[in-house]
Amino acid sequence: AERCPHRVRLPTEEPACGATATMDSGTKDLLASLTSAQETIRDLQRTAGTAAIRGVREGGSAAKGRRKRAREPSRRDADYRACVAAITQEFICPISGSLMACPSVAEDGFLYEHAAISNWLANHDTSPKTMRTIGPRLTQDFAARQAIGKIVEHGLMPDDDAAAWHLATGRAHLEGTLPGGVDTAALHFRKAAALGSKEGAVHLVGCELKRTLTVFEESCGVVIGGGAARSAVFPTMRAWRHLRPGAKVRIVDDPREFRRLCERPAPGARYPCDYESDMEGLVGGVFPVVECVPDKQAYVISDDDQGSEWYVPFDACCLVAE
């Protein structure tokens with residue numbers, strides 16, 4: 001213990017030879033009080049020193065205990081991870097086996113990846129879960145999509161799974177299944193690339209190419225290329241959804257395929273759009289959307305060159321600008 005700064009040294013020598021050794025009662029009382037105070041201070045110093053040493057020892061033991069607990073995951077952490085895994089499992093598509101990028105509810109009441117259940121219903125009239133007959137109508141579940149997005153953004157999925165989810169989400173934006181278009185798709189492809197996905201980097205370059213082609217063709221009034229290369233940059237829409245008036249769509253490049261798509265009901269539609277010979281001039285062109293038609297799962301587009309408007313099914317369109 002350190003020396004107390006208020007310690008008082010008491011006179012202990014005997015009076016000098018021949019000096020008077022008399023002391024009044026007030027002085028005696030003062031000396032007695034000082035002596036008592038000095039003993040009290042010493043006791044406090046000893047007590048504080050012992051407590052401090054004990055505190056250091058106990059603190060060290062507690063720190064060791066905390067470090068030990070940090071090295072050994074608690075039961076609570078394990079329960080948390082199990083809970084997250086159980087919740088995540090509910091968002092795995094039963095068809096594709098991957099985390100859903102665009103969860104949709106079918107008429108059987110179950111969640112599926114939109115593209116996977118659309119492909120299934122194109123060849124089946126039964127539920128892949130119950131095998132009972134269902135219709136083609138699908139409803140996107142945006143609440144489920146938000147929950148899945150939070151799971152991914154908070155780093156609760158392995159990097160490979162998160163990258164795959166960003167890739168699928170980017171494609172859904174690019175195809176028009178989800179709103180946002182090429183700009184939102186590019187954000188997801190960039191995140192996939194940051195997680196180590198080479199495919200994400202390639203798609204990101206494709207988005208930049210699409211922007212460049214769109215600006216050039218609209219400014220020059222020409223269409224560059226076609227076929228498989230163009231389809232990779234401008235994929236057709238996978239699902240019908242509301243588009244604002246003025247949004248721009250590109251019609252597929254193949255005249256025979258365009259006619260076939262117009263003559264049959266689009267997925268989820270009650271009626272076909274029908275086809276007229278004058279519509280052949282729409283192939284490969286970019287047109288503004290005038291109106292959305294849910295019964296036909298189609299859009300009314302305006303052709304200024306012919307001065308007419310046409311019904312075209314959503315899956316004959318490539319979303320260019322919203």
# chains A, B, ... in the order shown; residues from 1 in each chain; ligands from 1
$ residues_around --residues "range 290-304 of chain A" --least-positions-apart "3" --cutoff "7 Å" --atoms "only C-alpha atoms" --output "VMD selection string"
chain A and resid 240 242 to 243 245 to 246 265 to 266 268 to 273 287 307 to 314
$ write_last_selection --atoms "N, CA and C atoms" --output "compact mmCIF listing (two decimals), in the first residue's frame"
# COMPACT_ATOMS: atom_id res chain seq x y z
N TRP A 240 -45.97 -12.11 -66.53
CA TRP A 240 -46.67 -10.86 -66.79
C TRP A 240 -46.75 -10.06 -65.51
N HIS A 242 -47.74 -5.64 -64.18
CA HIS A 242 -48.15 -4.30 -64.59
C HIS A 242 -46.92 -3.47 -64.95
N LEU A 243 -46.99 -2.81 -66.09
CA LEU A 243 -45.97 -1.85 -66.50
C LEU A 243 -46.63 -0.49 -66.66
N PRO A 245 -47.56 3.11 -68.26
CA PRO A 245 -47.62 3.61 -69.64
C PRO A 245 -46.33 4.33 -70.01
N GLY A 246 -45.80 4.00 -71.15
CA GLY A 246 -44.54 4.60 -71.57
C GLY A 246 -43.35 3.67 -71.40
N PRO A 265 -53.00 -18.83 -75.92
CA PRO A 265 -53.08 -18.05 -74.67
C PRO A 265 -51.73 -18.07 -73.95
N ALA A 266 -51.29 -16.92 -73.51
CA ALA A 266 -50.04 -16.84 -72.74
C ALA A 266 -50.23 -17.55 -71.40
N GLY A 268 -51.19 -18.34 -67.90
CA GLY A 268 -52.04 -17.60 -66.97
C GLY A 268 -53.13 -16.79 -67.63
N ALA A 269 -53.21 -16.79 -68.99
CA ALA A 269 -54.21 -15.98 -69.70
C ALA A 269 -55.44 -16.79 -70.04
N ARG A 270 -56.55 -16.09 -70.17
CA ARG A 270 -57.79 -16.74 -70.58
C ARG A 270 -57.96 -16.76 -72.09
N TYR A 271 -57.43 -15.73 -72.76
CA TYR A 271 -57.63 -15.60 -74.20
C TYR A 271 -56.30 -15.31 -74.88
N PRO A 272 -56.17 -15.72 -76.16
CA PRO A 272 -54.97 -15.36 -76.92
C PRO A 272 -55.06 -13.92 -77.42
N CYS A 273 -53.93 -13.42 -77.89
CA CYS A 273 -53.92 -12.06 -78.44
C CYS A 273 -54.34 -12.02 -79.90
N PHE A 287 -41.10 -0.73 -78.73
CA PHE A 287 -42.36 0.03 -78.74
C PHE A 287 -42.75 0.42 -77.32
N GLY A 307 -49.26 3.71 -87.31
CA GLY A 307 -50.38 4.45 -86.72
C GLY A 307 -51.41 3.54 -86.10
N SER A 308 -50.96 2.44 -85.46
CA SER A 308 -51.90 1.46 -84.91
C SER A 308 -51.38 0.94 -83.57
N GLU A 309 -52.27 0.24 -82.87
CA GLU A 309 -51.94 -0.38 -81.59
C GLU A 309 -52.23 -1.87 -81.68
N TRP A 310 -51.41 -2.66 -80.94
CA TRP A 310 -51.52 -4.10 -81.04
C TRP A 310 -51.44 -4.74 -79.66
N TYR A 311 -52.15 -5.90 -79.53
CA TYR A 311 -52.00 -6.74 -78.35
C TYR A 311 -50.81 -7.68 -78.58
N VAL A 312 -49.90 -7.73 -77.62
CA VAL A 312 -48.79 -8.69 -77.71
C VAL A 312 -48.65 -9.39 -76.36
N PRO A 313 -48.46 -10.72 -76.34
CA PRO A 313 -48.32 -11.45 -75.07
C PRO A 313 -47.00 -11.10 -74.38
N PHE A 314 -46.98 -11.18 -73.06
CA PHE A 314 -45.79 -10.78 -72.30
C PHE A 314 -44.56 -11.59 -72.67
$ residues_around --residues "range 92-106 of chain A" --least-positions-apart "6" --cutoff "7 Å" --atoms "only C-alpha atoms" --output "number ranges by chain"
A: 112-114, 116, 137-141, 144-145, 165, 168-169
$ closest_residue --among "A:Ile148, A:Ala186, A:Cys317, A:Ala194" --to "Arg241 in chain A" --atoms "only C-alpha atoms"
A:Cys317
$ atom_distance --atom1 "CA of Ile151 in chain A" --atom2 "CA of Gly170 in chain A"
16.9 Å
$ atom_distance --atom1 "CA of Ala82 in chain A" --atom2 "CA of Met157 in chain A"
12.6 Å
$ atom_distance --atom1 "CA of Phe142 in chain A" --atom2 "CA of Glu199 in chain A"
26.0 Å
$ select_by_dssp --residues "range 127-263 of chain A" --states "strand (DSSP E)" --output "PyMOL selection string"
chain A and resi 139-140+248-251
$ write_last_selection --atoms "all heavy atoms" --output "CSV table (one decimal), in the first residue's frame"
chain,number,residue,atom,x,y,z
A,139,THR,N,-49.2,-16.2,-57.8
A,139,THR,CA,-49.2,-15.0,-57.1
A,139,THR,C,-47.9,-14.8,-56.4
A,139,THR,O,-47.5,-15.6,-55.6
A,139,THR,CB,-50.3,-14.9,-56.0
A,139,THR,OG1,-51.6,-15.2,-56.7
A,139,THR,CG2,-50.3,-13.5,-55.4
A,140,GLN,N,-47.2,-13.7,-56.8
A,140,GLN,CA,-45.9,-13.5,-56.2
A,140,GLN,C,-46.0,-13.1,-54.7
A,140,GLN,O,-46.9,-12.3,-54.4
A,140,GLN,CB,-45.1,-12.3,-56.9
A,140,GLN,CG,-44.7,-12.7,-58.3
A,140,GLN,CD,-43.7,-11.7,-58.9
A,140,GLN,OE1,-43.0,-11.0,-58.2
A,140,GLN,NE2,-43.7,-11.6,-60.2
A,248,LYS,N,-41.0,0.6,-72.2
A,248,LYS,CA,-40.6,0.1,-73.5
A,248,LYS,C,-40.3,-1.4,-73.5
A,248,LYS,O,-39.6,-1.8,-72.6
A,248,LYS,CB,-39.4,0.9,-74.1
A,248,LYS,CG,-39.8,2.4,-74.3
A,248,LYS,CD,-38.6,3.2,-74.9
A,248,LYS,CE,-39.0,4.6,-75.2
A,248,LYS,NZ,-37.9,5.4,-75.8
A,249,VAL,N,-40.8,-2.0,-74.5
A,249,VAL,CA,-40.6,-3.5,-74.7
A,249,VAL,C,-40.1,-3.7,-76.1
A,249,VAL,O,-40.4,-3.0,-77.1
A,249,VAL,CB,-41.8,-4.3,-74.4
A,249,VAL,CG1,-42.2,-4.2,-73.0
A,249,VAL,CG2,-43.0,-3.9,-75.4
A,250,ARG,N,-39.3,-4.8,-76.3
A,250,ARG,CA,-38.8,-5.2,-77.6
A,250,ARG,C,-39.5,-6.5,-77.9
A,250,ARG,O,-39.5,-7.4,-77.1
A,250,ARG,CB,-37.3,-5.4,-77.5
A,250,ARG,CG,-36.7,-5.8,-78.9
A,250,ARG,CD,-35.2,-6.1,-78.7
A,250,ARG,NE,-34.5,-5.0,-78.2
A,250,ARG,CZ,-34.0,-4.0,-79.0
A,250,ARG,NH1,-34.2,-4.1,-80.3
A,250,ARG,NH2,-33.3,-3.0,-78.5
A,251,ILE,N,-39.9,-6.6,-79.2
A,251,ILE,CA,-40.6,-7.8,-79.6
A,251,ILE,C,-39.5,-8.8,-80.1
A,251,ILE,O,-38.4,-8.4,-80.6
A,251,ILE,CB,-41.5,-7.5,-80.8
A,251,ILE,CG1,-42.5,-6.4,-80.4
A,251,ILE,CG2,-42.3,-8.8,-81.2
A,251,ILE,CD1,-43.3,-6.8,-79.2
$ residues_around --residues "Ala162 in chain A" --least-positions-apart "5" --cutoff "8 Å" --atoms "only C-alpha atoms" --output "ChimeraX atom specification"
/A:152,157,192,195
$ write_last_selection --atoms "N, CA, C and O atoms" --output "mmCIF file, in the first residue's frame"
data_model
loop_
_atom_site.group_PDB
_atom_site.id
_atom_site.type_symbol
_atom_site.label_atom_id
_atom_site.label_comp_id
_atom_site.auth_asym_id
_atom_site.auth_seq_id
_atom_site.Cartn_x
_atom_site.Cartn_y
_atom_site.Cartn_z
ATOM 1 N N VAL A 152 -30.181 -13.256 -46.650
ATOM 2 C CA VAL A 152 -28.968 -13.179 -47.476
ATOM 3 C C VAL A 152 -28.127 -11.968 -47.096
ATOM 4 O O VAL A 152 -26.904 -12.070 -46.915
ATOM 5 N N MET A 157 -26.282 -16.947 -44.955
ATOM 6 C CA MET A 157 -26.156 -18.026 -45.931
ATOM 7 C C MET A 157 -24.693 -18.162 -46.334
ATOM 8 O O MET A 157 -23.954 -17.176 -46.341
ATOM 9 N N ALA A 192 -23.056 -10.671 -56.607
ATOM 10 C CA ALA A 192 -22.665 -12.064 -56.873
ATOM 11 C C ALA A 192 -21.188 -12.131 -57.242
ATOM 12 O O ALA A 192 -20.462 -13.027 -56.788
ATOM 13 N N LEU A 195 -18.934 -11.925 -54.320
ATOM 14 C CA LEU A 195 -18.892 -13.163 -53.545
ATOM 15 C C LEU A 195 -18.113 -14.267 -54.266
ATOM 16 O O LEU A 195 -18.108 -15.408 -53.823
#
$ select_by_dssp --residues "range 147-178 of chain A" --states "alpha helix (DSSP H)" --output "MDAnalysis selection string"
chainID A and resid 147:153 159:175
$ residues_around --residues "Met279 in chain A" --least-positions-apart "3" --cutoff "9 Å" --atoms "only C-alpha atoms" --output "number ranges by chain"
A: 259, 275-276, 282-283, 310
$ closest_residue --among "A:Leu111, A:Ala239, A:Leu167, A:Val252" --to "Pro179 in chain A" --atoms "only C-alpha atoms"
A:Ala239
